[in-house]
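With TSV, C-alpha atoms inside, this is model_23.tsv:
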chain	number	residue	atom	x	y	z
J	1176	MET	CA	2.20	-69.74	-119.93
J	1177	SER	CA	4.34	-71.23	-122.68
J	1178	LEU	CA	3.08	-73.83	-125.12
J	1179	ILE	CA	5.43	-76.51	-123.75
J	1180	MET	CA	4.18	-75.87	-120.20
J	1181	ARG	CA	0.57	-76.20	-121.40
J	1182	LEU	CA	1.37	-79.44	-123.21
J	1183	VAL	CA	3.05	-80.81	-120.07
J	1184	ILE	CA	-0.03	-79.97	-117.96
J	1185	VAL	CA	-2.37	-81.58	-120.52
J	1186	ALA	CA	-0.15	-84.68	-120.67
J	1187	LEU	CA	-0.07	-84.91	-116.86
J	1188	PHE	CA	-3.84	-84.66	-116.52
J	1189	SER	CA	-4.41	-87.08	-119.40
J	1190	SER	CA	-2.09	-89.69	-117.93
J	1191	THR	CA	-3.54	-89.50	-114.43
J	1192	SER	CA	-7.28	-89.42	-115.27
J	1193	GLY	CA	-9.26	-92.63	-115.22
J	1194	GLY	CA	-11.82	-93.82	-117.74
J	1195	VAL	CA	-15.16	-92.02	-117.84
J	1196	SER	CA	-18.36	-93.06	-119.58
J	1197	ALA	CA	-19.04	-89.62	-120.97
J	1198	TYR	CA	-18.40	-90.03	-124.66
J	1199	VAL	CA	-20.28	-87.76	-127.06
J	1200	GLY	CA	-19.71	-88.43	-130.74
J	1201	PRO	CA	-19.59	-85.81	-133.50
J	1202	GLY	CA	-23.25	-86.31	-134.46
J	1203	ALA	CA	-24.75	-86.23	-131.00
J	1204	GLY	CA	-22.26	-83.55	-129.94
J	1205	LEU	CA	-23.13	-81.18	-132.74
J	1206	SER	CA	-26.86	-81.67	-132.21
J	1207	ALA	CA	-26.44	-81.11	-128.45
J	1208	ILE	CA	-24.44	-77.92	-129.06
J	1209	GLY	CA	-26.99	-76.77	-131.66
J	1210	SER	CA	-30.02	-77.35	-129.45
J	1211	ALA	CA	-28.30	-75.78	-126.41
J	1212	LEU	CA	-27.32	-72.75	-128.50
J	1213	ALA	CA	-30.88	-72.51	-129.86
J	1214	LEU	CA	-32.37	-72.63	-126.37
J	1215	ILE	CA	-29.93	-70.10	-124.86
J	1216	GLY	CA	-30.28	-67.82	-127.91
J	1217	ALA	CA	-34.08	-68.07	-127.83
J	1218	VAL	CA	-34.20	-67.14	-124.13
J	1219	ILE	CA	-31.87	-64.15	-124.70
J	1220	MET	CA	-33.87	-63.03	-127.78
J	1221	LEU	CA	-37.15	-63.40	-125.86
J	1222	ILE	CA	-35.79	-61.26	-123.01
J	1223	ILE	CA	-34.54	-58.62	-125.44
J	1224	GLY	CA	-37.66	-58.70	-127.62
J	1225	PHE	CA	-40.34	-58.88	-124.95
J	1226	LEU	CA	-38.70	-57.05	-122.04
J	1227	TRP	CA	-35.78	-54.86	-123.06
J	1228	TYR	CA	-37.31	-52.97	-126.03
J	1229	PRO	CA	-40.73	-52.35	-124.37
J	1230	ILE	CA	-38.98	-51.11	-121.18
J	1231	LYS	CA	-36.69	-48.91	-123.31
J	1232	ARG	CA	-39.72	-47.50	-125.18
J	1233	TYR	CA	-41.54	-46.84	-121.91
J	1234	LEU	CA	-38.52	-45.07	-120.39
J	1235	ARG	CA	-38.03	-42.98	-123.54
J	1236	GLY	CA	-41.72	-42.06	-123.46
J	1237	ARG	CA	-41.45	-40.97	-119.85
J	1238	ARG	CA	-38.39	-38.85	-120.60
J	1239	LYS	CA	-40.12	-37.18	-123.56
J	1240	LYS	CA	-43.32	-36.30	-121.66
J	1241	PRO	CA	-41.94	-33.34	-119.63
J	1242	ASP	CA	-40.50	-31.78	-122.83
J	1243	ASN	CA	-43.89	-32.07	-124.54
J	1244	ILE	CA	-45.66	-30.49	-121.58
J	1245	GLU	CA	-43.17	-27.59	-121.65
J	1246	ALA	CA	-43.67	-27.16	-125.40
J	1247	VAL	CA	-47.46	-27.13	-125.02
J	1248	THR	CA	-47.34	-24.57	-122.19
J	1249	GLN	CA	-44.94	-22.38	-124.20
J	1250	ASN	CA	-47.27	-22.53	-127.22
J	1251	SER	CA	-50.31	-21.64	-125.12
J	1252	ASN	CA	-48.43	-18.73	-123.51
J	1253	SER	CA	-47.38	-17.34	-126.88
J	1254	GLU	CA	-50.93	-17.66	-128.19
J	1255	GLU	CA	-52.27	-15.74	-125.18
J	1256	LYS	CA	-49.79	-12.91	-125.83
R	721	MET	CA	-23.09	-110.96	-134.47
R	722	SER	CA	-22.64	-108.20	-131.89
R	723	TYR	CA	-20.09	-106.51	-134.21
R	724	PHE	CA	-22.71	-106.35	-136.96
R	725	GLY	CA	-25.14	-104.94	-134.41
R	726	ALA	CA	-22.65	-102.21	-133.42
R	727	ILE	CA	-21.92	-101.34	-137.06
R	728	GLY	CA	-25.67	-101.32	-137.82
R	729	LEU	CA	-26.27	-99.04	-134.84
R	730	VAL	CA	-23.77	-96.49	-136.17
R	731	VAL	CA	-24.95	-96.78	-139.79
R	732	VAL	CA	-28.64	-96.31	-138.89
R	733	PHE	CA	-27.67	-93.39	-136.62
R	734	VAL	CA	-25.69	-91.70	-139.42
R	735	LEU	CA	-28.49	-92.29	-141.95
R	736	LEU	CA	-31.02	-90.78	-139.56
R	737	LEU	CA	-28.68	-87.82	-139.02
R	738	LYS	CA	-28.75	-87.21	-142.76
R	739	LEU	CA	-32.51	-87.77	-143.06
R	740	THR	CA	-33.42	-85.41	-140.22
R	741	LYS	CA	-30.88	-82.80	-141.50
R	742	LEU	CA	-29.48	-82.43	-138.02
R	743	PHE	CA	-26.17	-80.95	-139.16
R	744	GLU	CA	-27.84	-78.46	-141.48
R	745	ASN	CA	-30.27	-77.35	-138.77
R	746	SER	CA	-27.45	-76.94	-136.24
R	747	ILE	CA	-25.59	-74.69	-138.68
R	748	LYS	CA	-28.84	-72.77	-139.37
R	749	VAL	CA	-29.12	-72.01	-135.63
R	750	ILE	CA	-25.68	-70.38	-135.72
R	751	GLY	CA	-26.78	-68.40	-138.79
R	752	VAL	CA	-29.99	-67.20	-137.11
R	753	SER	CA	-28.11	-66.12	-133.97
R	754	ARG	CA	-25.57	-64.21	-136.11
R	755	VAL	CA	-28.36	-62.40	-138.00
R	756	ALA	CA	-30.11	-61.58	-134.70
R	757	ILE	CA	-26.91	-60.10	-133.22
R	758	SER	CA	-26.26	-58.05	-136.37
R	759	ASP	CA	-29.88	-56.77	-136.27
R	760	ILE	CA	-29.52	-55.72	-132.62
R	761	ARG	CA	-26.22	-53.95	-133.32
R	762	ASN	CA	-27.42	-52.28	-136.55
R	763	PRO	CA	-27.60	-48.50	-135.90
R	764	GLU	CA	-29.67	-47.90	-139.06
R	765	LEU	CA	-32.66	-49.85	-137.72
R	766	SER	CA	-35.17	-48.25	-135.37
R	767	ASP	CA	-35.99	-49.87	-132.03
R	768	ASP	CA	-39.46	-50.87	-133.24
R	769	ILE	CA	-38.06	-52.77	-136.22
R	770	LYS	CA	-35.37	-54.33	-134.01
R	771	GLU	CA	-38.05	-55.47	-131.55
R	772	ILE	CA	-40.10	-57.15	-134.30
R	773	ARG	CA	-37.03	-58.82	-135.81
R	774	VAL	CA	-35.67	-60.03	-132.45
R	775	ARG	CA	-39.05	-61.56	-131.59
R	776	LYS	CA	-39.12	-63.30	-134.97
R	777	HIS	CA	-35.61	-64.68	-134.40
R	778	ALA	CA	-36.59	-65.83	-130.89
R	779	PHE	CA	-39.53	-67.85	-132.22
R	780	LEU	CA	-37.35	-69.26	-135.00
R	781	MET	CA	-34.75	-70.37	-132.45
R	782	ILE	CA	-37.41	-72.01	-130.27
R	783	LYS	CA	-38.58	-73.87	-133.37
R	784	TYR	CA	-35.03	-75.02	-134.11
R	785	PHE	CA	-34.53	-76.06	-130.49
R	786	PHE	CA	-37.54	-78.39	-130.68
R	787	ILE	CA	-36.57	-79.68	-134.14
R	788	LEU	CA	-33.00	-80.43	-133.02
R	789	THR	CA	-34.02	-82.03	-129.74
R	790	ILE	CA	-36.69	-84.24	-131.33
R	791	SER	CA	-34.37	-85.20	-134.22
R	792	ALA	CA	-31.57	-86.11	-131.80
R	793	ILE	CA	-33.96	-88.26	-129.73
R	794	VAL	CA	-35.23	-89.99	-132.90
R	795	CYS	CA	-31.66	-90.55	-134.18
R	796	LEU	CA	-30.61	-92.18	-130.91
R	797	ALA	CA	-33.84	-93.99	-130.03
R	798	ILE	CA	-34.57	-95.77	-133.33
R	799	PRO	CA	-31.23	-97.66	-133.68
R	800	THR	CA	-31.11	-98.41	-129.95
R	801	GLY	CA	-34.71	-99.63	-130.11
R	802	LEU	CA	-33.88	-101.86	-133.07
R	803	ILE	CA	-30.98	-103.44	-131.16
R	804	TRP	CA	-33.24	-103.90	-128.13
R	805	LEU	CA	-35.82	-105.62	-130.35
R	806	LEU	CA	-33.17	-107.93	-131.79
R	807	ASP	CA	-32.09	-108.74	-128.24
R	808	TYR	CA	-35.72	-109.41	-127.32
R	809	PHE	CA	-35.97	-111.92	-130.17
R	810	LEU	CA	-32.61	-113.42	-129.09
R	811	VAL	CA	-30.83	-112.48	-132.34
R	812	LEU	CA	-28.01	-110.64	-130.55
R	813	SER	CA	-27.07	-109.36	-127.11
R	814	PHE	CA	-27.92	-105.73	-126.37
R	815	GLU	CA	-25.25	-105.51	-123.67
R	816	ASN	CA	-22.54	-106.85	-125.98
R	817	VAL	CA	-23.49	-104.41	-128.75
R	818	ILE	CA	-23.36	-101.46	-126.34
R	819	ARG	CA	-20.02	-102.69	-124.91
R	820	ILE	CA	-18.51	-102.88	-128.42
R	821	THR	CA	-20.02	-99.51	-129.40
R	822	PHE	CA	-18.38	-97.82	-126.39
R	823	SER	CA	-15.00	-99.51	-126.79
R	824	VAL	CA	-12.15	-97.11	-127.58
R	825	TRP	CA	-11.07	-98.63	-130.88
R	826	PHE	CA	-14.65	-98.74	-132.19
R	827	LEU	CA	-15.28	-95.11	-131.18
R	828	VAL	CA	-12.07	-93.90	-132.83
R	829	LEU	CA	-12.67	-95.90	-136.02
R	830	SER	CA	-16.33	-94.93	-136.30
R	831	CYS	CA	-15.49	-91.26	-135.65
R	832	ILE	CA	-12.90	-91.28	-138.44
R	833	LEU	CA	-15.17	-93.13	-140.89
R	834	VAL	CA	-18.24	-90.97	-140.13
R	835	SER	CA	-16.18	-87.77	-140.43
R	836	MET	CA	-14.80	-88.99	-143.75
R	837	PHE	CA	-18.34	-89.85	-144.93
R	838	PHE	CA	-19.65	-86.38	-144.11
R	839	TRP	CA	-16.58	-84.72	-145.59
R	840	TYR	CA	-17.10	-86.70	-148.83
R	841	ILE	CA	-20.80	-85.72	-148.96
R	842	ALA	CA	-19.99	-82.05	-148.29
R	843	LYS	CA	-17.31	-82.07	-150.99
R	844	ASN	CA	-19.64	-83.70	-153.52
R	845	SER	CA	-22.47	-81.28	-152.79
R	846	LYS	CA	-20.05	-78.34	-153.31
R	847	ASP	CA	-18.86	-79.83	-156.62
R	848	THR	CA	-22.43	-80.26	-157.91
R	849	SER	CA	-23.47	-76.76	-156.82
R	850	LEU	CA	-20.60	-75.17	-158.81
How would this structure read if it were set down as structure tokens?
Amino acid sequence: MSLIMRLVIVALFSSTSGGVSAYVGPGAGLSAIGSALALIGAVIMLIIGFLWYPIKRYLRGRRKKPDNIEAVTQNSNSEEK
Amino acid sequence: MSYFGAIGLVVVFVLLLKLTKLFENSIKVIGVSRVAISDIRNPELSDDIKEIRVRKHAFLMIKYFFILTISAIVCLAIPTGLIWLLDYFLVLSFENVIRITFSVWFLVLSCILVSMFFWYIAKNSKDTSL
């Protein structure tokens, strides 16, 4: 979509829309964005920190276990020989 | 009188914004999230270290969320409360002040002036830090 077409669409919507009582100034807007970002970021970090890494560690541990068992059995077999 | 009330409302709001360091804290949140993302994507760090750091960043972001929310409530509630008190003591009309504050010309003018004020402060602080 060309720039002129975009400008025409914006102008059309701007001219047809009525007044809305939804003003957010720069101060309140920035603080709202900041607090929303902090909340969303905190939730994502909490999920990663408290769920993702422990689950990853657990899965890695489970994958390593069979190898360890094989290594132990191999060692014991060689010792017996 | 209502015009003075509207101007006072904006001035007290801006002063409280500066006092509570709302802008600085909002920018800090962006910084913390950037550091957290770079920590997660850092291949040199082990998963254990990443886990500890991500948890630390999560608690820091929760702290900033509460700081920002409480500061924003304080910044909005104190000037509005003052206007309400003045209305209670029949000094000015609360409804008139709010009507003027939400009028288009006042919003545009106050936005420009407040932006210029913060730009001037930011410029001065950069000059003094050099």
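CA of Tyr723 in chain R sits 7.0 Å away from CA of Ile820 in chain R.
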Give me, as CSV, the closest atom pair and its distance (Å, one decimal) for every residue of chain J within a cut-off of 10 Å of chain R, counting all atoms listed in the file, rows sorted by chain and rising number.
residue,atom,partner,partner_atom,distance
J:Ser1196,CA,R:Phe822,CA,8.3
J:Ala1197,CA,R:Phe822,CA,9.9
J:Tyr1198,CA,R:Phe822,CA,8.0
J:Val1199,CA,R:Leu827,CA,9.8
J:Gly1200,CA,R:Cys831,CA,7.1
J:Pro1201,CA,R:Cys831,CA,7.2
J:Gly1202,CA,R:Leu737,CA,7.2
J:Ala1203,CA,R:Ala792,CA,6.9
J:Gly1204,CA,R:Ala792,CA,9.8
J:Leu1205,CA,R:Ser746,CA,7.0
J:Ser1206,CA,R:Ser746,CA,6.2
J:Ala1207,CA,R:Thr789,CA,7.7
J:Ile1208,CA,R:Ser746,CA,7.8
J:Gly1209,CA,R:Ser746,CA,4.6
J:Ser1210,CA,R:Phe785,CA,4.8
J:Ala1211,CA,R:Phe785,CA,7.5
J:Leu1212,CA,R:Val749,CA,7.4
J:Ala1213,CA,R:Met781,CA,5.1
J:Leu1214,CA,R:Phe785,CA,5.8
J:Ile1215,CA,R:Met781,CA,9.0
J:Gly1216,CA,R:Ser753,CA,6.7
J:Ala1217,CA,R:Ala778,CA,4.5
J:Val1218,CA,R:Ala778,CA,7.3
J:Ile1219,CA,R:Ala778,CA,8.0
J:Met1220,CA,R:Ala778,CA,5.0
J:Leu1221,CA,R:Ala778,CA,5.6
J:Ile1222,CA,R:Ala778,CA,9.1
J:Ile1223,CA,R:Val774,CA,7.2
J:Gly1224,CA,R:Arg775,CA,5.1
J:Phe1225,CA,R:Arg775,CA,7.3
J:Leu1226,CA,R:Glu771,CA,9.7
J:Trp1227,CA,R:Glu771,CA,8.8
J:Tyr1228,CA,R:Glu771,CA,6.1
J:Pro1229,CA,R:Glu771,CA,8.3
J:Lys1231,CA,R:Asp767,CA,8.8
J:Arg1232,CA,R:Asp767,CA,8.2
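For the atom pair formed by CA of Val730 in chain R and CA of Thr821 in chain R, the distance is 8.3 Å, given to one decimal.
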Discussion item. Between CA of Ile818 in chain R and CA of Pro799 in chain R, what distance in Å does the model show, to one decimal?
Written reply: 11.4 Å
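With only C-alpha atoms as the atoms that count, the residue of R:Ala726, R:Leu735, R:Ile769, R:Lys843 with the shortest distance to Ile803 in chain R is R:Ala726.
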Discussion item. Neighbouring residues of Trp804 in chain R were defined as those with any atom within 9 Å, considering only C-alpha atoms; residues of the same chain fewer than 6 positions away were excluded. Please report them as number ranges by chain.
Written reply: R: 812-814
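Comparing the minimum interatomic distances between Phe724 in chain R and each of R:Ser845, R:Thr740, R:Ser823, R:Asn816, counting only C-alpha atoms, we find that R:Asn816 sits nearest.
Nearest residue to Leu810 in chain R, choosing from R:Val731, R:Lys741, R:Tyr840, R:Met721 and counting all atoms listed in the file: R:Met721.
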